[in-house]
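S.K.: Could you have a look at this structure, given as structure tokens, before my questions?
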Amino acid sequence: MSAHQEELERLLQTPVGQIAAERPAAVVVFREAGINFWTEGRRTLEAACAAQRLDPGKVVAQLERRERQTPSENPQYQRKPPAHLSDAELIRQIESGHHSFARIVLRRLEALAERLARRGLVAAEFPAEVELLSCRIEEHLVREETLLFPRILAGAPSLVTRRLCRELREEHHFLYAALEDLRRELAPQVSQDPNGTLFLHCLDEFLEDATVHFHLESNLLFARVERSTRASGTGF
Ligand SMILES: [Fe+2]
Ligand SMILES: [Fe+2]
């Protein structure tokens with residue numbers, strides 16, 4: 001078996017969440033291929049390709065092609081792989097990148113929801129529903145920033161950090177599903193209006209960023225905490 005075939009075999013048996021953490025270009029390639037590297041991050045590449053009826057050889061070839069691109073062609077593919085970041089670097093990236101972005105987009109969605117209601121395109125209570133969802137997301141971000149991340153940075157694995165990781169991981173699924181439901185229900189009502197399409201576009205941007213944001217937390221940072229609490233015998 002050639003070295004390339006051996007590498008292909010190894011990749012096929014590697015979980016897609018791990019590949020996305022080790023090879024930044026994979027996030028883009030998986031997204032284009034419809035491979036869910038966040039919620040189904042523990043699936044092997046072989047299983048994920050089979051589920052999508054994809055030729056795994058073509059997916060790997062696409063990944064290698066992206067990685068050969070120069071930094072000027074695609075700067076995001078050349079970033080340091082998240083798996084190589086320390087906990088502190090990962091937390092800094094999450095807070096300064098994904099949390100800041102989430103807050104900007106949420107404010108925009110709240111303002112657009114008000115505009116859609118004023119134009120009579122949605123029910124009068126729609127802005128309150130969007131604000132409530134936004135509050136739940138803000139609450140999630142604040143729990144991470146004030147309760148979980150400081151405990152991880154303090155470096156002492158505990159039952160509390162492990163329990164927080166579990167709860168926040170479950171919230172990722174709940175929040176993502178709520179946003180997808182919102183999009184599905186709203187699209188038929190507002191897609192003919194420019195403000196409606198802008199709202200949907202903002203929501204899509206939020207969802208796209210959330211796939212990476214939640215992947216970095218659930219599959220990488222939280223998984224590290226869980227491994228360290230198990231190793232130190234403080235797991236349950
Ligand atoms: Fe977060
Ligand atoms: Fe989170």
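Scheme for the structure tokens: letters A, B, ... for chains in order shown; per-chain residue numbers from 1; ligand numbers from 1 in order shown.
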Which residues form the shell of 9 Å around ligand 1 when you count only C-alpha atoms and all ligand atoms, given as an MDAnalysis selection string?
M.R.: chainID A and resid 91 94:95 98:99 140:145 168 172 210 213:214 216:217
S.K.: For the residues in the current selection, export N, CA and C atoms as a PDB file, in the first residue's frame.
M.R.:
```pdb
ATOM      1  N   ILE A  91      -9.859  29.675  23.896  1.00  0.00           N
ATOM      2  CA  ILE A  91     -10.867  30.514  24.560  1.00  0.00           C
ATOM      3  C   ILE A  91     -10.797  31.947  24.025  1.00  0.00           C
ATOM      4  N   ILE A  94     -12.448  31.969  20.677  1.00  0.00           N
ATOM      5  CA  ILE A  94     -13.904  31.833  20.798  1.00  0.00           C
ATOM      6  C   ILE A  94     -14.525  33.159  21.249  1.00  0.00           C
ATOM      7  N   GLU A  95     -13.923  33.765  22.281  1.00  0.00           N
ATOM      8  CA  GLU A  95     -14.523  34.998  22.818  1.00  0.00           C
ATOM      9  C   GLU A  95     -14.380  36.167  21.851  1.00  0.00           C
ATOM     10  N   HIS A  98     -15.993  34.388  17.854  1.00  0.00           N
ATOM     11  CA  HIS A  98     -17.376  33.891  17.747  1.00  0.00           C
ATOM     12  C   HIS A  98     -18.352  34.594  18.687  1.00  0.00           C
ATOM     13  N   HIS A  99     -17.955  34.863  19.934  1.00  0.00           N
ATOM     14  CA  HIS A  99     -18.907  35.533  20.836  1.00  0.00           C
ATOM     15  C   HIS A  99     -19.169  36.968  20.385  1.00  0.00           C
ATOM     16  N   HIS A 140     -26.210  31.918  27.460  1.00  0.00           N
ATOM     17  CA  HIS A 140     -25.260  30.831  27.187  1.00  0.00           C
ATOM     18  C   HIS A 140     -23.823  31.378  27.112  1.00  0.00           C
ATOM     19  N   LEU A 141     -23.663  32.477  26.352  1.00  0.00           N
ATOM     20  CA  LEU A 141     -22.325  33.057  26.190  1.00  0.00           C
ATOM     21  C   LEU A 141     -21.776  33.518  27.536  1.00  0.00           C
ATOM     22  N   VAL A 142     -22.639  34.132  28.348  1.00  0.00           N
ATOM     23  CA  VAL A 142     -22.197  34.657  29.649  1.00  0.00           C
ATOM     24  C   VAL A 142     -21.829  33.508  30.590  1.00  0.00           C
ATOM     25  N   ARG A 143     -22.575  32.420  30.552  1.00  0.00           N
ATOM     26  CA  ARG A 143     -22.227  31.257  31.405  1.00  0.00           C
ATOM     27  C   ARG A 143     -20.827  30.745  31.043  1.00  0.00           C
ATOM     28  N   GLU A 144     -20.556  30.704  29.732  1.00  0.00           N
ATOM     29  CA  GLU A 144     -19.221  30.252  29.318  1.00  0.00           C
ATOM     30  C   GLU A 144     -18.146  31.228  29.792  1.00  0.00           C
ATOM     31  N   GLU A 145     -18.402  32.524  29.562  1.00  0.00           N
ATOM     32  CA  GLU A 145     -17.365  33.531  29.853  1.00  0.00           C
ATOM     33  C   GLU A 145     -17.124  33.713  31.345  1.00  0.00           C
ATOM     34  N   LEU A 168     -23.728  22.868  28.708  1.00  0.00           N
ATOM     35  CA  LEU A 168     -23.549  23.836  27.617  1.00  0.00           C
ATOM     36  C   LEU A 168     -23.548  23.138  26.254  1.00  0.00           C
ATOM     37  N   HIS A 172     -26.084  23.861  23.089  1.00  0.00           N
ATOM     38  CA  HIS A 172     -25.719  24.105  21.682  1.00  0.00           C
ATOM     39  C   HIS A 172     -26.771  23.493  20.758  1.00  0.00           C
ATOM     40  N   ALA A 210     -22.001  29.575  13.845  1.00  0.00           N
ATOM     41  CA  ALA A 210     -22.273  28.714  15.011  1.00  0.00           C
ATOM     42  C   ALA A 210     -21.763  27.293  14.795  1.00  0.00           C
ATOM     43  N   HIS A 213     -18.188  27.648  15.820  1.00  0.00           N
ATOM     44  CA  HIS A 213     -18.168  28.036  17.239  1.00  0.00           C
ATOM     45  C   HIS A 213     -18.501  26.827  18.135  1.00  0.00           C
ATOM     46  N   PHE A 214     -19.614  26.175  17.852  1.00  0.00           N
ATOM     47  CA  PHE A 214     -20.051  25.057  18.694  1.00  0.00           C
ATOM     48  C   PHE A 214     -19.131  23.838  18.520  1.00  0.00           C
ATOM     49  N   LEU A 216     -15.829  24.030  17.952  1.00  0.00           N
ATOM     50  CA  LEU A 216     -14.621  24.296  18.746  1.00  0.00           C
ATOM     51  C   LEU A 216     -14.872  24.023  20.225  1.00  0.00           C
ATOM     52  N   GLU A 217     -16.073  24.316  20.678  1.00  0.00           N
ATOM     53  CA  GLU A 217     -16.380  24.093  22.095  1.00  0.00           C
ATOM     54  C   GLU A 217     -16.702  22.613  22.353  1.00  0.00           C
TER      55      GLU A 217
END
```
S.K.: If you run DSSP on the backbone, which residues of stretch 70-215 of chain A are helix (DSSP H, G or I), as a count of residues only?
M.R.: 122
S.K.: Using only C-alpha atoms, which of A:Glu138, A:Gly196, A:Gly57, A:Glu7 sits nearest A:Ala117?
M.R.: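 Of A:Glu138, A:Gly196, A:Gly57, A:Glu7, the one nearest A:Ala117 is A:Gly196, counting only C-alpha atoms.
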S.K.: Measure the distance from atom CA of A:Thr161 to atom CA of A:Leu147 in Å and round it to one decimal.
M.R.: 8.5 Å
S.K.: Have a look at A:Glu226, A:Glu125, A:Glu89, A:Glu180 and name the one nearest to A:Leu164; count only C-alpha atoms.
M.R.: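 Closest to A:Leu164, using only C-alpha atoms: A:Glu226.
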S.K.: I'd like the contact shell of A:Glu208 - 12 Å cut-off, only C-alpha atoms, skipping same-chain residues fewer than 3 positions apart - returned as a list in words.
M.R.: Val27, Val28, Arg31, Glu32, Asn36, Trp38, His98, Phe101, Ala102, Val105, Tyr176, Leu179, Glu180, His201, Cys202, Leu203, Asp204, Glu205, Thr211, Val212, His213, Phe214 and His215 of chain A
S.K.: Output the selection as a CSV table (one decimal), in the first residue's frame - N, CA and C atoms for each residue.
M.R.:
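Saved to result01.csv:
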```csv
chain,number,residue,atom,x,y,z
A,27,VAL,N,-13.1,22.4,7.4
A,27,VAL,CA,-14.4,23.0,7.8
A,27,VAL,C,-15.1,23.5,6.6
A,28,VAL,N,-14.4,24.1,5.7
A,28,VAL,CA,-15.0,24.6,4.4
A,28,VAL,C,-15.4,23.4,3.5
A,31,ARG,N,-18.4,21.6,4.9
A,31,ARG,CA,-19.6,22.4,4.8
A,31,ARG,C,-20.2,22.3,3.4
A,32,GLU,N,-19.3,22.4,2.4
A,32,GLU,CA,-19.7,22.3,1.0
A,32,GLU,C,-20.2,21.0,0.6
A,36,ASN,N,-21.8,17.0,8.4
A,36,ASN,CA,-21.9,17.7,9.6
A,36,ASN,C,-20.8,17.3,10.6
A,38,TRP,N,-20.0,19.1,13.2
A,38,TRP,CA,-20.3,19.5,14.6
A,38,TRP,C,-21.1,18.5,15.3
A,98,HIS,N,-16.0,34.4,17.9
A,98,HIS,CA,-17.4,33.9,17.7
A,98,HIS,C,-18.4,34.6,18.7
A,101,PHE,N,-18.9,38.2,17.4
A,101,PHE,CA,-19.7,38.1,16.1
A,101,PHE,C,-21.2,37.8,16.4
A,102,ALA,N,-21.4,36.8,17.4
A,102,ALA,CA,-22.8,36.4,17.7
A,102,ALA,C,-23.5,37.7,18.2
A,105,VAL,N,-24.5,40.1,15.4
A,105,VAL,CA,-25.6,39.6,14.5
A,105,VAL,C,-26.9,39.6,15.3
A,176,TYR,N,-29.2,25.8,18.4
A,176,TYR,CA,-29.1,25.6,17.0
A,176,TYR,C,-30.4,25.2,16.4
A,179,LEU,N,-32.9,28.1,16.2
A,179,LEU,CA,-32.6,29.0,15.1
A,179,LEU,C,-33.0,28.4,13.8
A,180,GLU,N,-32.7,27.1,13.6
A,180,GLU,CA,-33.1,26.5,12.3
A,180,GLU,C,-34.7,26.5,12.2
A,201,HIS,N,-30.6,36.3,5.6
A,201,HIS,CA,-29.2,36.3,5.3
A,201,HIS,C,-28.4,36.3,6.7
A,202,CYS,N,-28.8,37.2,7.5
A,202,CYS,CA,-28.1,37.4,8.9
A,202,CYS,C,-28.2,36.1,9.6
A,203,LEU,N,-29.4,35.5,9.6
A,203,LEU,CA,-29.6,34.2,10.3
A,203,LEU,C,-28.7,33.1,9.8
A,204,ASP,N,-28.6,33.1,8.4
A,204,ASP,CA,-27.7,32.1,7.8
A,204,ASP,C,-26.2,32.3,8.2
A,205,GLU,N,-25.9,33.6,8.3
A,205,GLU,CA,-24.5,33.9,8.7
A,205,GLU,C,-24.3,33.5,10.2
A,211,THR,N,-21.7,26.8,13.5
A,211,THR,CA,-21.2,25.4,13.3
A,211,THR,C,-19.8,25.3,13.8
A,212,VAL,N,-19.0,26.4,13.5
A,212,VAL,CA,-17.6,26.4,13.9
A,212,VAL,C,-17.4,26.6,15.4
A,213,HIS,N,-18.2,27.6,15.8
A,213,HIS,CA,-18.2,28.0,17.2
A,213,HIS,C,-18.5,26.8,18.1
A,214,PHE,N,-19.6,26.2,17.9
A,214,PHE,CA,-20.1,25.1,18.7
A,214,PHE,C,-19.1,23.8,18.5
A,215,HIS,N,-18.6,23.7,17.3
A,215,HIS,CA,-17.6,22.6,17.1
A,215,HIS,C,-16.4,22.8,17.9
```
S.K.: Determine, counting only C-alpha atoms, which protein, DNA and RNA residues have an atom within 10 Å of an atom of A:Leu200; residues of the same chain fewer than 3 positions away are not included. Present the result as a list of chain:residue names.
M.R.: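 Contacts, with the query itself left out: A:Leu109, A:Leu112, A:Leu182, A:Arg183, A:Arg184, A:Leu186, A:Ala187, A:Val190, A:Ser191, A:Pro194, A:Asn195, A:Gly196, A:Thr197, A:Leu203, A:Asp204, A:Glu205, A:Phe206.
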S.K.: With C-alpha atoms retained, export the selected residues as a short mmCIF file (atom, residue, chain, number, x, y, z; two decimals), in the first residue's frame.
M.R.:
```
data_model
loop_
_atom_site.label_atom_id
_atom_site.label_comp_id
_atom_site.auth_asym_id
_atom_site.auth_seq_id
_atom_site.Cartn_x
_atom_site.Cartn_y
_atom_site.Cartn_z
CA LEU A 109 -31.61 40.39 13.96
CA LEU A 112 -34.67 43.67 11.61
CA LEU A 182 -37.10 30.05 13.18
CA ARG A 183 -35.56 30.13 9.72
CA ARG A 184 -37.78 27.33 8.39
CA LEU A 186 -40.08 32.46 8.60
CA ALA A 187 -38.71 31.88 5.08
CA VAL A 190 -40.73 37.04 4.24
CA SER A 191 -38.51 35.83 1.39
CA PRO A 194 -35.81 42.91 0.93
CA ASN A 195 -35.85 43.25 4.74
CA GLY A 196 -37.02 39.66 4.99
CA THR A 197 -34.18 38.38 2.81
CA LEU A 203 -29.63 34.24 10.32
CA ASP A 204 -27.70 32.11 7.81
CA GLU A 205 -24.47 33.92 8.73
CA PHE A 206 -25.17 33.27 12.40
#
```
S.K.: Taking only C-alpha atoms and all ligand atoms into account, name the residue in A:Ala178, A:Leu45, A:Ile137, A:Ala88 that is nearest to ligand 2.
M.R.: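 Nearest candidate to ligand 2 out of A:Ala178, A:Leu45, A:Ile137, A:Ala88: A:Ile137.
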